[in-house]
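For reference, the structure is listed below as C-alpha cells.
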Amino acid sequence: MKRTLVLLATTALASPALAEPDMTYEEALACVERVVPAQNYVTNDLLPSDADLADISPMAETVTMRVGLSWVLDDGQSHFYNAIEQGFFADEGIEVELVPGGPGKNHIQTLGGGVVDVAVASAGSYLPRAITSPTPIEGITSVGSVLKGGPAAFLTIDEDLLSKELTPQDLQGRTVAGGPFLEHMPILLDKAGMEEGDVTIIKAGFTPDALFAGTADFYFGWIFNQTRAISAQGYEWNALMWGPHGFEDFPDSIVMMKDTIAENPEVGERFMRAVHRGIDFMLENPEVSADTVLKYATDAPHLTKELVLQRYEQQAPLVTKGDLRLMETDFSAWNENTATLLQYGFMPTVDCS
C-alpha cells in the first residue's frame, strides 16, 4: 500500500473524561419532551407540497436574502448553486447572497445578531444547545434539514481493519484525530462499555493528513468528504459510522428567526421552495449540477466533476432517507438526539426537576 509522509501540526490531547450519565435515557427523553421539545425549535411548515411546486410566480418586489453557510463554497452547497443558476430563486422574486462559513464562523450567532437572514448549521444538534446555553440564542428555528442523518464516521486506512465490519471496540487502544465534535466521544465510549483512556484523541484539522503520517489510526470526518482525499492518495479505507453508536444528527439544517417568519411567512416559504427545487435538481440532473458546482465552488479549486458526482452518490441516501419530503424531519428523532445530549451532561442548564 502506498505510504506518504506528511508533516503535521497536531496537538496531543488527554483522552476525554468518561461521561457518567446524569440520568437514564428514558428520564432524559421525558425531560426533553416536557422542557425543550423539538416543536420549540423545528418546523416543517415552510416546506412545499406538490401543489406548491406546480404554480410559481415571483413576488411583486424582489427580496434580497443573505445566507450564512455552514462551510466554505464547496460542493456541499450544490442546492443553493442550483437554485441560483437554474433561476429557482429568481422565479420567487428572491436574490440570494451566499456568505461562506468555515472555521471560526458560526452563522447561528450571526443570524441571531441580524447579520444574515438565513443560517445553515452543520449539525442540527447545535440548535437545542444554542437555545439552552448560558447565553442563549433565542428565537431560532430549523425550517428543514438537507441531510436526514449523520455522515460522521471514524475513517481508517489500517490494512488490518479494511476487510472487517468495524465496531467501537476497534477503536480501543487506538488514536483518533479530529475536530471539535469529538467532545462527544465520551458518549460513544460509555455506550460501548469502554473506559477512559481506551482511546487517545488528538486535535487535527479538516483533512485526514494524520492518517497518512501515521500519527493516528482513525480520522473523524464525513463519509463523503475526507474519503475522497484518502482515495486520491491511493489508499483503501474503511469506516465506522458515528450515528448508530453515538447519536444521529440532522446536518445542514436551514435556520431562520421565528419573528422573521411570523412577519412575512411568504418569503420563508418561497425561499424553501427554491431550495427544494435545487435539491431535486441535484438528484435528477447530477451531471449538470456537478458542472454548476465547478462554477460556484470557488473555495475548493481541487474539485473535479468526478469528485462531485462521487459525493452525490454517497450522500443521496441521507438526502432522500425515509418517506418524508425533501428536508422534512420528524420531531421524535430530534427529541431522541437531544435526550442523549442531555443524558450525558451536554445541556447543563436544562432543569428537569
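As shown in the C-alpha cells, the chain order sets the letters A, B, ...; within each chain, residues go from 1, and ligands are also counted from 1 in the order they appear.
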Which residues of stretch 215-314 of chain A have any atom within 10 Å of an atom in stretch 24-48 of chain A when counting only C-alpha atoms, and what is the closest pair of atoms for each, with the distance in Å to one decimal? Order the rows by chain and rising number and write it as CSV.
residue,atom,partner,partner_atom,distance
A:Ser253,CA,A:Val42,CA,9.7
A:Ile254,CA,A:Val42,CA,10.0
A:Val255,CA,A:Val42,CA,8.8
A:Met256,CA,A:Tyr41,CA,9.9
A:Met257,CA,A:Tyr41,CA,9.8
A:Lys258,CA,A:Tyr41,CA,8.8
A:Ile261,CA,A:Leu46,CA,9.1
A:Pro265,CA,A:Leu46,CA,7.9
A:Glu266,CA,A:Leu46,CA,8.7
A:Val267,CA,A:Leu46,CA,9.5
A:Gly268,CA,A:Leu46,CA,6.4
A:Glu269,CA,A:Leu46,CA,4.7
A:Arg270,CA,A:Leu46,CA,8.2
A:Phe271,CA,A:Leu46,CA,8.7
A:Met272,CA,A:Leu47,CA,6.0
A:Arg273,CA,A:Pro48,CA,5.6
A:Ala274,CA,A:Pro48,CA,9.3
A:Val275,CA,A:Leu47,CA,9.5
A:His276,CA,A:Pro48,CA,7.7
A:Arg277,CA,A:Pro48,CA,9.6
TODO: With a distance cut-off of 12 Å and only C-alpha atoms, select the neighbouring residues of A:Ser231, excluding the residue or stretch itself and same-chain residues fewer than 4 positions from it, and output the selection as number ranges by chain.
DONE: A: 1-2, 155-157, 208, 212, 223-227, 235-238, 307, 310
Task: Expected answer as a list of chain:residue names: strand (DSSP E or B) residues in stretch 186-310 of chain A - done: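 Here are the strand (DSSP E or B) residues of stretch 186-310 of chain A: A:Val199, A:Thr200, A:Ile201, A:Ile202, A:Lys203, A:Phe218, A:Tyr219, A:Phe220, A:Gly221, A:Trp222, A:Asn238, A:Ala239, A:Leu240, A:Met241, A:Ser253, A:Ile254, A:Val255, A:Met256, A:Met257.
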Restrict the selected residues to all heavy atoms and save them as a compact mmCIF listing (two decimals), in the first residue's frame.
# COMPACT_ATOMS: atom_id res chain seq x y z
N VAL A 199 -9.17 5.14 24.34
CA VAL A 199 -8.93 5.80 23.06
C VAL A 199 -8.18 7.10 23.31
O VAL A 199 -8.52 7.86 24.22
CB VAL A 199 -10.27 6.11 22.34
CG1 VAL A 199 -10.00 6.82 21.01
CG2 VAL A 199 -11.07 4.83 22.10
N THR A 200 -7.17 7.35 22.52
CA THR A 200 -6.43 8.60 22.59
C THR A 200 -6.94 9.55 21.50
O THR A 200 -7.09 9.14 20.35
CB THR A 200 -4.92 8.37 22.40
OG1 THR A 200 -4.45 7.49 23.42
CG2 THR A 200 -4.14 9.68 22.46
N ILE A 201 -7.20 10.79 21.89
CA ILE A 201 -7.71 11.78 20.95
C ILE A 201 -6.62 12.81 20.67
O ILE A 201 -5.96 13.30 21.60
CB ILE A 201 -8.94 12.51 21.53
CG1 ILE A 201 -10.02 11.52 21.94
CG2 ILE A 201 -9.48 13.53 20.53
CD1 ILE A 201 -10.61 10.73 20.80
N ILE A 202 -6.39 13.11 19.40
CA ILE A 202 -5.52 14.23 19.06
C ILE A 202 -6.30 15.22 18.21
O ILE A 202 -7.15 14.83 17.41
CB ILE A 202 -4.23 13.79 18.33
CG1 ILE A 202 -4.54 13.11 17.00
CG2 ILE A 202 -3.38 12.90 19.22
CD1 ILE A 202 -3.29 12.83 16.17
N LYS A 203 -6.01 16.48 18.42
CA LYS A 203 -6.67 17.54 17.68
C LYS A 203 -6.05 17.66 16.30
O LYS A 203 -4.83 17.68 16.15
CB LYS A 203 -6.54 18.86 18.43
CG LYS A 203 -7.27 20.03 17.80
CD LYS A 203 -7.09 21.28 18.65
CE LYS A 203 -7.80 22.48 18.04
NZ LYS A 203 -7.60 23.70 18.86
N PHE A 218 -7.30 6.47 13.23
CA PHE A 218 -8.60 6.85 12.69
C PHE A 218 -8.64 8.36 12.56
O PHE A 218 -8.07 9.09 13.37
CB PHE A 218 -9.75 6.41 13.61
CG PHE A 218 -10.02 4.93 13.63
CD1 PHE A 218 -9.33 4.11 14.52
CD2 PHE A 218 -10.96 4.35 12.77
CE1 PHE A 218 -9.58 2.75 14.55
CE2 PHE A 218 -11.20 2.99 12.81
CZ PHE A 218 -10.52 2.19 13.70
N TYR A 219 -9.36 8.81 11.54
CA TYR A 219 -9.67 10.24 11.41
C TYR A 219 -11.18 10.37 11.45
O TYR A 219 -11.90 9.62 10.77
CB TYR A 219 -9.13 10.82 10.11
CG TYR A 219 -9.50 12.28 9.94
CD1 TYR A 219 -8.73 13.28 10.53
CD2 TYR A 219 -10.64 12.64 9.23
CE1 TYR A 219 -9.09 14.62 10.41
CE2 TYR A 219 -11.00 13.98 9.11
CZ TYR A 219 -10.23 14.96 9.70
OH TYR A 219 -10.59 16.27 9.60
N PHE A 220 -11.67 11.32 12.23
CA PHE A 220 -13.11 11.53 12.37
C PHE A 220 -13.55 12.60 11.40
O PHE A 220 -13.19 13.77 11.53
CB PHE A 220 -13.45 11.94 13.81
CG PHE A 220 -14.93 11.97 14.09
CD1 PHE A 220 -15.62 10.79 14.30
CD2 PHE A 220 -15.62 13.16 14.15
CE1 PHE A 220 -16.98 10.79 14.57
CE2 PHE A 220 -16.98 13.19 14.41
CZ PHE A 220 -17.66 12.00 14.63
N GLY A 221 -14.33 12.21 10.38
CA GLY A 221 -14.78 13.16 9.37
C GLY A 221 -16.12 12.73 8.79
O GLY A 221 -16.81 11.89 9.36
N TRP A 222 -16.46 13.31 7.65
CA TRP A 222 -17.70 12.97 6.97
C TRP A 222 -17.41 11.92 5.90
O TRP A 222 -16.43 12.04 5.17
CB TRP A 222 -18.33 14.22 6.35
CG TRP A 222 -19.13 15.02 7.33
CD1 TRP A 222 -19.02 15.00 8.69
CD2 TRP A 222 -20.17 15.95 7.04
NE1 TRP A 222 -19.92 15.87 9.26
CE2 TRP A 222 -20.64 16.46 8.26
CE3 TRP A 222 -20.74 16.41 5.85
CZ2 TRP A 222 -21.67 17.41 8.34
CZ3 TRP A 222 -21.76 17.36 5.92
CH2 TRP A 222 -22.22 17.85 7.16
N ASN A 238 -11.80 2.17 5.33
CA ASN A 238 -12.97 1.58 5.95
C ASN A 238 -13.51 2.59 6.95
O ASN A 238 -12.80 3.52 7.35
CB ASN A 238 -12.61 0.26 6.65
CG ASN A 238 -13.83 -0.62 6.93
OD1 ASN A 238 -14.96 -0.28 6.55
ND2 ASN A 238 -13.61 -1.75 7.58
N ALA A 239 -14.77 2.43 7.35
CA ALA A 239 -15.40 3.45 8.20
C ALA A 239 -16.29 2.82 9.25
O ALA A 239 -16.97 1.81 9.01
CB ALA A 239 -16.22 4.41 7.34
N LEU A 240 -16.29 3.43 10.42
CA LEU A 240 -17.24 3.14 11.49
C LEU A 240 -18.12 4.36 11.64
O LEU A 240 -17.65 5.43 12.02
CB LEU A 240 -16.49 2.86 12.80
CG LEU A 240 -17.36 2.74 14.06
CD1 LEU A 240 -18.22 1.48 14.01
CD2 LEU A 240 -16.49 2.75 15.32
N MET A 241 -19.41 4.21 11.32
CA MET A 241 -20.31 5.36 11.39
C MET A 241 -20.56 5.76 12.84
O MET A 241 -20.71 4.91 13.73
CB MET A 241 -21.64 5.03 10.71
CG MET A 241 -21.51 4.71 9.22
SD MET A 241 -20.71 6.02 8.23
CE MET A 241 -21.89 7.37 8.40
N SER A 253 -28.77 21.87 8.55
CA SER A 253 -30.11 22.36 8.91
C SER A 253 -30.21 23.83 8.58
O SER A 253 -29.35 24.64 8.95
CB SER A 253 -30.37 22.15 10.41
OG SER A 253 -30.58 20.79 10.70
N ILE A 254 -31.28 24.19 7.88
CA ILE A 254 -31.51 25.58 7.48
C ILE A 254 -32.29 26.26 8.60
O ILE A 254 -33.34 25.78 9.03
CB ILE A 254 -32.29 25.62 6.16
CG1 ILE A 254 -31.45 24.95 5.06
CG2 ILE A 254 -32.60 27.07 5.76
CD1 ILE A 254 -32.17 24.78 3.74
N VAL A 255 -31.76 27.38 9.08
CA VAL A 255 -32.28 28.02 10.28
C VAL A 255 -32.71 29.45 9.98
O VAL A 255 -32.00 30.19 9.30
CB VAL A 255 -31.22 28.01 11.41
CG1 VAL A 255 -31.80 28.56 12.71
CG2 VAL A 255 -30.67 26.60 11.62
N MET A 256 -33.87 29.83 10.50
CA MET A 256 -34.38 31.20 10.39
C MET A 256 -34.83 31.68 11.76
O MET A 256 -34.92 30.90 12.71
CB MET A 256 -35.55 31.26 9.40
CG MET A 256 -35.22 30.89 7.97
SD MET A 256 -36.67 31.07 6.87
CE MET A 256 -36.00 30.46 5.33
N MET A 257 -35.13 32.98 11.83
CA MET A 257 -35.67 33.55 13.06
C MET A 257 -37.19 33.43 13.04
O MET A 257 -37.84 33.71 12.03
CB MET A 257 -35.28 35.02 13.19
CG MET A 257 -33.78 35.27 13.25
SD MET A 257 -32.95 34.45 14.64
CE MET A 257 -33.75 35.26 16.04
Open item on the list: Quick check for you: according to DSSP on this backbone, which residues of stretch 159-331 of chain A are classed as alpha helix (DSSP H)? Reply as an MDAnalysis selection string.
Closed with: chainID A and resid 185:191 209:213 226:232 258:263 265:284 286:296 305:319 331
TODO: Can you work out which one of A:Lys105, A:Leu309, A:Thr110, A:Met23 has the shortest atom-to-atom distance to A:Arg228, counting only C-alpha atoms?
DONE: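 Going through A:Lys105, A:Leu309, A:Thr110, A:Met23 one by one, the smallest distance to A:Arg228 is for A:Leu309.
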Task: Interatomic distance, atom CA of A:Arg66 to atom CA of A:Val96 (Å, one decimal) - done: 5.9 Å
